[in-house]
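Colleague: Once you've had a glance at the structure underneath, I'll fire off some questions.
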Amino acid sequence: MVGYSMELALRGLRRYPKTTALAVLTVAIGLAASMTTLALLHMLSADPLPGRSQHLYLAWVDAVEAKSQTFTSLDGVTTYDYKRLKMPDAEALLAAHKGTLQTVVADLDARVEGSNGQHFNEQLLATGSDFISMFGVALRDGRSWTVAEDAARAPIAVIDSGLAQKLFGTPRAVGRVVQIKNHAFRVIGVSQPYSPQPHFYGLNAWAFGGDSQESIFVPYGAAVDAGLASSSTDGCDDATDKGKRFIAVDPLHCEWLAYWVQLGTPQDVAAYRSFLDHYAQQQTSLGSYGKKPQSQLLSVQQWLTLQNVIPDNVRLNVWLAGSFLVLCMVNVAGLLAAKFMRRSVEVGIRRALGASRRAVMLHHLFEAGMVCFLGGALAWPLTLLGLALLRMQDQGFTDLARLDVAMFAALFALALGVGALVGLLPSWRVSMVQPGLQVKSA
Amino acid sequence: MDIKPILSTLRRHKFTACLLIAQIALTCAIVCNAIFLIGQRLERMNMSTGVAEHELVYVQLANIDNRPDAMARSAADLAALKEIAGVKSAMATNQLPFGGSSSNMGIKTDPEQQNDEINASQYLGEDVIPTLGVQLVAGRDFRADEYHDLADVYALLRKGDMNALPKSVLITQPMAERLWPGQNPLGKQIYVAKNISLTVIGVIRELARGGGIREGEQYSAVNPIRYSASGGASYVIRCAQQDREQVLKAALAKLKGLDPNRIVLEKGTFDELRHRYFRDDRAMAGILVGVCLALLIVTALGIVGLASFWVAQRNRSIGVRRALGATRYNILNYFQTENFLLTTMGIVLGMVLAYGINLFLIVHYELPRLPAVYFPVGAMLLWGLGQAAVLGPALRAAAVPPVVATRSV
């Protein structure tokens with residue numbers, strides 16, 4: 001019976017080719033629009049470091065000796081809070097060594113000069129010895145630095161192969177010297193270019209960088225010694241006032257270092273959380289500023305959600321495309337219903353000759369399914385076209401718009417699901433045709 | 001035209017009629033909101049900055065560290081820039097509206113307040129007023145002897161010698177109105193820290209914040225502080241609109257001539273800066289227009305498809321009506337009225353839906369309420385669309401000859 005229903009469905013499709021084409025096209029456009037935006041959303045909400053990020057946590061403790069400023073009162077101007085730490089607190093947490101790996105992170109602008117006298121403005125990451133292994137930066141040559149070198153504030157650097165090429169004309173730059181703000185740093189390692197998307201560990205610098213990425217990694221202490229300073233802070237001690245705050249971010253009294261820790265098991269996470277709480281409670285001096293002890297330990301996903309990393313535009317587009325798909329489905333359902341009801345007479349005769357309701361329904365469901373299957377097949381090139389159009393936009397994050405195999409499978413599942421849903425109502429309607437009446441009127 | 005027979009026919013085609021109504025309702029709801037979103041984007045893109053936008057070019061330089069001669073070098077650069085033919089005014093400043101960076105400061109009107117009252121953008125540089133071409137509506141611009149070098153200001157701040165700091169400030173009218181509603185702002189004090197007070201000596205009609213747009217976009221202040229290239233300055237040059245290209249080229253040549261080692265991060269006209277700043281909004285508006293068009297086309301095609309089927313299905317009854325004396329016009333009118341009724345039902349339902357979607361957007365995306373004018377406009381659009389889409393099938397129906405009635409099937 002299935003084979004017969006299939007055959008009938010195929011004949012049905014060919015009967016009014018214009019309507020069939022219209023229905024197929026409508027399905028294809030609806031699917032392509034929603035797939036394009038879903039693909040973008042999928043890419044943007046993807047895991048920045050698969051296999052690693054589920055063990056990474058951002059730790060924060062309130063240790064700023066100042067009254068808490070409620071920025072929301074400033075006529076809606078929000079000042080972003082990136083949950084960073086002052087250097088002494090970050091160093092205290094590093095020294096406690098309670099996680100598997102831990103590091104501080106700060107994105108800084110640096111003027112970098114190589115051996116040929118040319119200089120470049122580069123993004124520099126001031127960080128700790130664990131960063132390279134903890135965040136999965138691939139080294140081509142050389143090594144990362146050690147805890148001892150961190151403590152000694154050694155002027156050493158890991159640079160990426162792109163910068164090595166620019167500065168020295170070769171990626172083999174281990175042992176060469178790079179000038180950062182006129183301070184000599186020895187290159188001890190060369191890494192592959194590194195740019196996880198989103199840039200979750202330094203959202204204050206950028207979230208989705210088209211071409212921005214850190215090209216040079218140095219020990220944070222050495223960066224401070226070289227006179228590099230953060231251009232932004234989440235808060236400073238009152239003690240730094242006296243106008244100094246207007247000059248530069250004071251590394252000792254202002255929050256500028258993000259603190260990331262790697263924790264293997266849920267027990268480790270719970271233990272670290274209580275360690276942070278304990279650390280927060282020790283900040284007794286904060287009581288005089290009317291503050292209660294505060295600490296936070298956030299997973300990568302929680303952190304991305306808190307910082308609202310996915311642009312509102314993208315989510316709005318997904319809604320738009322979703323409602324567009326619903327509209328297309330309603331439209332196709334209308335077309336199919338009209339098409340099916342036109343053959344009431346025929347169906348009436350079939351029913352009178354003994355075809356069951358089920359057989360009639362099956363035939364029409366197949367026909368609806370085929371329309372959607374064809375629509376799904378046509379949606380594939382249309383989706384590629386839509387993604388190409390998105391990539392042409394100069395928006396930074398749209399460069400990520402690509403379709404993968406899982407998305408392709410999702411596309412087909414969606415097409416067939418739409419087919420079943422769209423076909424169900426008209427098929428049921430036509431299967432309810434009374435045999436007798438139709439035969440009489442014909 | 002009697003609508004009773006139309007309604008009774010529609011009752012026999014409840015299912016397809018309902019689908020068509022649902023489709024029009026959805027289109028109406030989505031298109032109303034999408035057009036509203038487009039309007040929002042356009043409004044943002046037309047934001048006024050108060051500066052002479054078509055007369056400005058800028059060259060942004062990389063940070064050259066704190067060397068002692070930074071101030072002198074910037075002064076030499078500016079002197080050279082001012083020599084270029086066609087240059088009306090030039091300055092080194094820390095920020096521009098739509099530029100990459102901004103400096104902002106929290107402001108109190110009383111030093112004892114715990115929280116800042118507003119957050120204002122802070123423009124530094126000599127000759128900000130004539131170079132940006134902003135308009136003073138009260139008070140005066142800075143005198144030449146009021147300016148301090150940025151390096152000296154830093155030195156004073158380091159020493160804690162607040163009394164020697166420059167004391168005057170220019171603020172925008174919206175900022176003055178926000179701080180002291182209905183009062184004369186001239187001579188009033190603002191506090192940027194407990195022990196640093198500034199006296200308002202002039203009021204600017206309009207000057208947008210440096211960097212990106214955010215709330216309080218017109219809260220800006222200008223300080224009499226000479227800016228140097230040490231912090232990565234932007235040189236801003238004002239010239240006649242038609243001279244911009246040529247002045248920019250000459251400026252770059254002069255700057256390279258004075259110091260071949262410097263890094264130019266960005267350069268261009270202010271118009272380009274604005275254009276680039278709004279690329280997301282333009283892209284979004286483009287997508288919305290595309291979606292609207294696609295929606296309308298799909299809906300129109302759906303109407304055409306359904307109407308064609310109905311016409312074909314009722315071929316015989318049309319023939320009978322024609323044989324009984326109905327004119328072509330009656331038949332045409334019948335299908336048009338039918339479409340009008342269906343569209344109207346769809347619109348009524350769609351308006352309710354549009355309002356619901358708008359409420360959702362208000363809650364989740366902080367958008368304002370949909371203005372009432374969108375409802376009649378949306379309705380007119382859909383009525384027009386429905387009538388245009390049904391015209392073809394209706395004309396075909398009107399062309400059915402009465403003789404069809406005499407044929408069997």
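The way I read the labels, and the way they are meant: chains A, B, ... in the order of the structure tokens, residue 1 as the first residue of every chain, and ligand 1 as the first ligand shown, with later ones counted on from there.
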Once you count only C-alpha atoms, which residues of chain B turn out to be within 8 Å of chain A? Could you give them as an MDAnalysis selection string?
Modeller: chainID B and resid 15:16 19:20 22:23 26:27 30 62:63 65 114:119 154 157:158 160 193 214:216 261 263 279:280 283:284 291 295 298:299 301:302 305:306 309:310 313 365 409
Colleague: Check the DSSP output for the backbone and give back, as a PyMOL selection string, the residues of region 284-358 of chain A in strand (DSSP E or B).
Modeller: chain A and resi 295-299
Colleague: Give the answer as one residue: which of B:Leu382, B:Ile21, B:Val169, B:Leu10 has the shortest atom-to-atom distance to Leu296 (chain B), using only C-alpha atoms?
Modeller: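 Selected residue with least distance to Leu296 (chain B): B:Leu382.
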Colleague: Among region 367-403 of chain B, which residues does DSSP mark as alpha helix (DSSP H) when it is run on the backbone? Keep the chain and numbering as in the structure and answer as a ChimeraX atom specification.
Modeller: /B:374-398
Colleague: So how far away is CA of Arg140 (chain B) from CA of Ala176 (chain B), in Å?
Modeller: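 Result for CA of Ala176 (chain B) versus CA of Arg140 (chain B): 15.1 Å, one decimal.
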Colleague: Give me the residues within 7 Å of Val261 (chain A) as a list in words, counting only C-alpha atoms and dropping any in the same chain fewer than 2 places off.
Modeller: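 Final neighbour list, sorted by chain and number: Leu56, Tyr57, Leu58, Gly99, Leu101, Gln102, Thr103, Tyr259 and Leu263 of chain A.
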Colleague: Residues as selected, all heavy atoms, written as a CSV table (one decimal), in the first residue's frame, can you do that?
Modeller:
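To be explicit, this is the file written out as again.csv:
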```csv
chain,number,residue,atom,x,y,z
A,56,LEU,N,37.1,25.2,33.0
A,56,LEU,CA,37.6,26.5,33.3
A,56,LEU,C,36.6,27.4,34.1
A,56,LEU,O,35.4,27.4,33.7
A,56,LEU,CB,38.1,27.2,32.0
A,56,LEU,CG,39.2,26.5,31.2
A,56,LEU,CD1,39.5,27.3,30.0
A,56,LEU,CD2,40.4,26.3,32.1
A,57,TYR,N,37.1,28.1,35.1
A,57,TYR,CA,36.2,28.9,35.9
A,57,TYR,C,36.8,30.3,36.1
A,57,TYR,O,38.0,30.4,36.3
A,57,TYR,CB,35.9,28.2,37.2
A,57,TYR,CG,35.1,27.0,37.1
A,57,TYR,CD1,35.7,25.8,36.8
A,57,TYR,CD2,33.7,27.0,37.2
A,57,TYR,CE1,35.0,24.6,36.6
A,57,TYR,CE2,33.0,25.8,37.0
A,57,TYR,CZ,33.6,24.6,36.8
A,57,TYR,OH,32.9,23.5,36.6
A,58,LEU,N,36.0,31.3,36.1
A,58,LEU,CA,36.4,32.6,36.4
A,58,LEU,C,36.2,32.9,37.9
A,58,LEU,O,35.0,32.7,38.4
A,58,LEU,CB,35.7,33.7,35.6
A,58,LEU,CG,36.0,35.1,35.9
A,58,LEU,CD1,37.3,35.5,35.2
A,58,LEU,CD2,34.9,36.1,35.5
A,99,GLY,N,43.8,25.2,42.6
A,99,GLY,CA,43.2,24.6,41.4
A,99,GLY,C,44.3,23.7,40.8
A,99,GLY,O,45.4,23.7,41.2
A,101,LEU,N,45.2,24.1,37.6
A,101,LEU,CA,46.1,25.1,37.0
A,101,LEU,C,45.3,26.4,37.3
A,101,LEU,O,44.1,26.5,37.4
A,101,LEU,CB,46.1,24.9,35.5
A,101,LEU,CG,46.9,23.7,35.0
A,101,LEU,CD1,46.7,23.5,33.5
A,101,LEU,CD2,48.4,23.8,35.3
A,102,GLN,N,46.1,27.5,37.3
A,102,GLN,CA,45.5,28.8,37.5
A,102,GLN,C,46.3,29.9,36.9
A,102,GLN,O,47.5,29.8,36.8
A,102,GLN,CB,45.2,29.1,39.0
A,102,GLN,CG,46.4,28.8,39.9
A,102,GLN,CD,46.2,27.5,40.6
A,102,GLN,OE1,45.2,27.4,41.3
A,102,GLN,NE2,47.1,26.6,40.5
A,103,THR,N,45.6,31.0,36.4
A,103,THR,CA,46.4,32.0,35.8
A,103,THR,C,45.6,33.3,35.9
A,103,THR,O,44.4,33.3,36.0
A,103,THR,CB,46.8,31.7,34.3
A,103,THR,OG1,47.6,32.7,33.8
A,103,THR,CG2,45.5,31.6,33.5
A,259,TYR,N,41.0,36.4,36.7
A,259,TYR,CA,41.6,35.2,37.3
A,259,TYR,C,40.9,34.0,36.9
A,259,TYR,O,39.7,33.8,37.2
A,259,TYR,CB,41.6,35.4,38.8
A,259,TYR,CG,42.3,34.3,39.5
A,259,TYR,CD1,43.7,34.4,39.7
A,259,TYR,CD2,41.7,33.1,40.0
A,259,TYR,CE1,44.4,33.4,40.4
A,259,TYR,CE2,42.4,32.1,40.6
A,259,TYR,CZ,43.8,32.3,40.8
A,259,TYR,OH,44.5,31.3,41.4
A,263,LEU,N,39.5,23.4,37.2
A,263,LEU,CA,39.0,22.5,38.2
A,263,LEU,C,38.5,21.3,37.6
A,263,LEU,O,37.6,21.4,36.7
A,263,LEU,CB,37.9,23.2,39.1
A,263,LEU,CG,38.4,24.5,39.8
A,263,LEU,CD1,37.2,25.3,40.3
A,263,LEU,CD2,39.4,24.2,40.9
```
Colleague: Counting only C-alpha atoms, what is within 6 Å of region 366-371 of chain A, bar same-chain residues fewer than 2 positions away, as a PyMOL selection string?
Modeller: chain A and resi 9+24+363-364+373-374+419+423
Colleague: Keeping only C-alpha atoms, write the selected residues to a file as a PDB file, in the first residue's frame.
Modeller:
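Contents of selection_2.pdb, as written:
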```
ATOM      1  CA  ALA A   9       1.650  11.115  -4.494  1.00  0.00           C
ATOM      2  CA  VAL A  24       8.362  23.864  -2.896  1.00  0.00           C
ATOM      3  CA  HIS A 363      -1.251   9.282  -0.044  1.00  0.00           C
ATOM      4  CA  HIS A 364      -1.705  12.940   0.806  1.00  0.00           C
ATOM      5  CA  PHE A 373      11.638  17.133   0.904  1.00  0.00           C
ATOM      6  CA  LEU A 374      12.143  18.953  -2.390  1.00  0.00           C
ATOM      7  CA  GLY A 419       6.367  18.389   5.866  1.00  0.00           C
ATOM      8  CA  GLY A 423       0.675  17.918   5.441  1.00  0.00           C
TER       9      GLY A 423
END
```
Colleague: Rank B:Arg209, B:Arg276, B:Arg321, B:Arg314 by their smallest atom-to-atom distance to Leu96 (chain B), using only C-alpha atoms, and report the top residue only.
Modeller: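 Nearest candidate to Leu96 (chain B) out of B:Arg209, B:Arg276, B:Arg321, B:Arg314: B:Arg209.
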Colleague: Using only C-alpha atoms, determine which residues lie at most 12 Å from Ala406 (chain A), disregarding the query and same-chain residues fewer than 4 positions distant; provide the list as a CSV table (one decimal) with N, CA, C and O atoms, in the first residue's frame.
Modeller:
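Okay, this is what ended up in result_30.csv:
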```
chain,number,residue,atom,x,y,z
A,35,MET,N,17.5,28.6,8.6
A,35,MET,CA,18.8,27.9,8.8
A,35,MET,C,19.9,28.8,8.8
A,35,MET,O,20.9,28.6,9.5
A,38,LEU,N,20.0,30.4,12.2
A,38,LEU,CA,20.3,29.4,13.2
A,38,LEU,C,21.8,29.0,13.1
A,38,LEU,O,22.5,28.8,14.2
A,39,ALA,N,22.3,28.9,11.9
A,39,ALA,CA,23.8,28.5,11.7
A,39,ALA,C,24.6,29.6,12.4
A,39,ALA,O,25.6,29.3,13.1
A,42,HIS,N,24.3,29.3,16.1
A,42,HIS,CA,25.0,28.0,16.5
A,42,HIS,C,26.5,28.3,16.7
A,42,HIS,O,27.1,27.9,17.6
A,43,MET,N,27.0,29.0,15.7
A,43,MET,CA,28.5,29.3,15.7
A,43,MET,C,28.8,30.2,16.8
A,43,MET,O,29.8,30.1,17.5
A,402,ARG,N,29.3,29.7,9.0
A,402,ARG,CA,29.5,28.6,8.2
A,402,ARG,C,28.5,27.4,8.5
A,402,ARG,O,28.0,27.4,9.6
A,410,ALA,N,20.3,18.7,10.4
A,410,ALA,CA,19.2,19.4,11.1
A,410,ALA,C,18.3,20.0,10.1
A,410,ALA,O,17.1,20.0,10.2
A,411,LEU,N,18.9,20.5,9.0
A,411,LEU,CA,18.1,21.1,7.9
A,411,LEU,C,17.1,20.1,7.4
A,411,LEU,O,15.9,20.4,7.2
A,412,PHE,N,17.6,18.9,7.1
A,412,PHE,CA,16.7,17.9,6.5
A,412,PHE,C,15.6,17.4,7.5
A,412,PHE,O,14.5,17.3,7.2
A,413,ALA,N,16.1,17.2,8.8
A,413,ALA,CA,15.1,16.8,9.8
A,413,ALA,C,14.0,17.9,9.9
A,413,ALA,O,12.8,17.6,9.9
```
Colleague: Find the residues near Gly210 (chain B): any atom within 9 Å, counting only C-alpha atoms, skip ones fewer than 5 places away on the same chain, and give them as a list in words.
Modeller: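 Selected residues are Asn94, Gln95, Leu96, Pro97, Phe98, Gly99, Gly100, Ser101, Ser102, Ser103, Asn104, Ser121, Gln122, Tyr123, Glu217 and Ser220 of chain B.
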Colleague: How about saving the chosen residues, all heavy atoms kept, as a compact mmCIF listing (two decimals), in the first residue's frame?
Modeller:
```txt
# COMPACT_ATOMS: atom_id res chain seq x y z
N ASN B 94 41.65 63.76 22.18
CA ASN B 94 41.66 62.39 22.69
C ASN B 94 40.58 61.53 22.08
O ASN B 94 40.65 60.31 22.13
CB ASN B 94 41.50 62.42 24.21
CG ASN B 94 40.25 63.15 24.66
OD1 ASN B 94 39.76 64.04 23.96
ND2 ASN B 94 39.72 62.78 25.79
N GLN B 95 39.54 62.13 21.50
CA GLN B 95 38.41 61.32 21.04
C GLN B 95 37.56 62.07 20.02
O GLN B 95 37.65 63.28 19.90
CB GLN B 95 37.53 60.93 22.23
CG GLN B 95 37.01 62.15 22.96
CD GLN B 95 36.06 61.78 24.09
OE1 GLN B 95 35.89 60.62 24.42
NE2 GLN B 95 35.43 62.76 24.67
N LEU B 96 36.76 61.31 19.31
CA LEU B 96 35.79 61.86 18.37
C LEU B 96 34.51 61.05 18.50
O LEU B 96 34.56 59.87 18.83
CB LEU B 96 36.30 61.69 16.93
CG LEU B 96 37.21 62.76 16.35
CD1 LEU B 96 37.67 62.34 14.97
CD2 LEU B 96 36.50 64.11 16.28
N PRO B 97 33.35 61.67 18.21
CA PRO B 97 32.13 60.84 18.17
C PRO B 97 32.31 59.73 17.12
O PRO B 97 32.93 59.98 16.09
CB PRO B 97 31.05 61.83 17.72
CG PRO B 97 31.59 63.18 18.04
CD PRO B 97 33.07 63.07 17.93
N PHE B 98 31.84 58.54 17.41
CA PHE B 98 31.93 57.36 16.53
C PHE B 98 33.36 56.83 16.41
O PHE B 98 33.61 55.89 15.67
CB PHE B 98 31.41 57.65 15.10
CG PHE B 98 30.06 58.27 15.07
CD1 PHE B 98 29.80 59.38 14.28
CD2 PHE B 98 29.03 57.74 15.84
CE1 PHE B 98 28.55 59.95 14.25
CE2 PHE B 98 27.78 58.32 15.81
CZ PHE B 98 27.54 59.42 15.02
N GLY B 99 34.32 57.43 17.13
CA GLY B 99 35.70 56.96 17.08
C GLY B 99 35.88 55.74 17.96
O GLY B 99 34.96 55.29 18.64
N GLY B 100 37.09 55.19 17.95
CA GLY B 100 37.33 53.95 18.67
C GLY B 100 37.42 54.13 20.18
O GLY B 100 37.07 53.24 20.93
N SER B 101 37.89 55.29 20.64
CA SER B 101 38.11 55.42 22.08
C SER B 101 37.25 56.54 22.64
O SER B 101 36.74 57.39 21.92
CB SER B 101 39.57 55.73 22.34
OG SER B 101 39.89 56.99 21.78
N SER B 102 37.10 56.52 23.95
CA SER B 102 36.38 57.60 24.60
C SER B 102 36.91 57.76 26.01
O SER B 102 37.32 56.78 26.62
CB SER B 102 34.89 57.30 24.63
OG SER B 102 34.64 56.21 25.48
N SER B 103 36.94 58.97 26.51
CA SER B 103 37.21 59.13 27.94
C SER B 103 35.99 59.74 28.59
O SER B 103 35.37 60.66 28.04
CB SER B 103 38.46 59.97 28.21
OG SER B 103 38.75 60.81 27.16
N ASN B 104 35.65 59.19 29.69
CA ASN B 104 34.44 59.61 30.38
C ASN B 104 34.75 59.87 31.84
O ASN B 104 35.71 59.33 32.37
CB ASN B 104 33.37 58.52 30.28
CG ASN B 104 33.03 58.21 28.85
OD1 ASN B 104 32.38 58.99 28.18
ND2 ASN B 104 33.49 57.07 28.35
N SER B 121 31.25 62.60 28.80
CA SER B 121 32.41 62.40 27.96
C SER B 121 33.32 63.62 28.10
O SER B 121 32.84 64.73 28.28
CB SER B 121 31.91 62.25 26.54
OG SER B 121 32.95 61.98 25.69
N GLN B 122 34.63 63.39 28.02
CA GLN B 122 35.57 64.46 28.30
C GLN B 122 36.47 64.72 27.09
O GLN B 122 37.29 63.87 26.74
CB GLN B 122 36.42 64.00 29.50
CG GLN B 122 37.39 64.97 30.02
CD GLN B 122 38.17 64.38 31.18
OE1 GLN B 122 38.33 63.16 31.28
NE2 GLN B 122 38.65 65.23 32.05
N TYR B 123 36.30 65.87 26.46
CA TYR B 123 37.12 66.23 25.30
C TYR B 123 38.30 67.07 25.77
O TYR B 123 38.13 68.01 26.54
CB TYR B 123 36.31 67.05 24.30
CG TYR B 123 35.39 66.23 23.45
CD1 TYR B 123 34.12 65.87 23.90
CD2 TYR B 123 35.78 65.80 22.19
CE1 TYR B 123 33.27 65.10 23.12
CE2 TYR B 123 34.93 65.04 21.39
CZ TYR B 123 33.69 64.69 21.87
OH TYR B 123 32.86 63.94 21.09
N GLU B 217 23.72 60.51 25.26
CA GLU B 217 24.66 60.69 24.16
C GLU B 217 25.14 62.13 24.00
O GLU B 217 26.14 62.36 23.36
CB GLU B 217 24.02 60.20 22.86
CG GLU B 217 22.81 61.01 22.46
CD GLU B 217 21.94 60.30 21.43
OE1 GLU B 217 21.99 59.06 21.36
OE2 GLU B 217 21.23 61.00 20.72
N SER B 220 28.54 65.89 27.17
CA SER B 220 29.96 66.05 26.89
C SER B 220 30.48 67.31 27.54
O SER B 220 29.74 68.29 27.70
CB SER B 220 30.22 66.14 25.39
OG SER B 220 29.67 65.04 24.74
```
Colleague: Just give me the gap between CA of Val300 (chain A) and CA of Trp60 (chain A) in Å, one decimal is fine.
Modeller: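 CA of Trp60 (chain A) lies 13.4 Å from CA of Val300 (chain A).
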Colleague: Write out as a ChimeraX atom specification each polymer residue whose atoms come within 12 Å of Ser295 (chain A), counting only C-alpha atoms; drop sequence neighbours fewer than 2 positions from it.
Modeller: /A:58-63,83-85,272-283,291-293,297-298
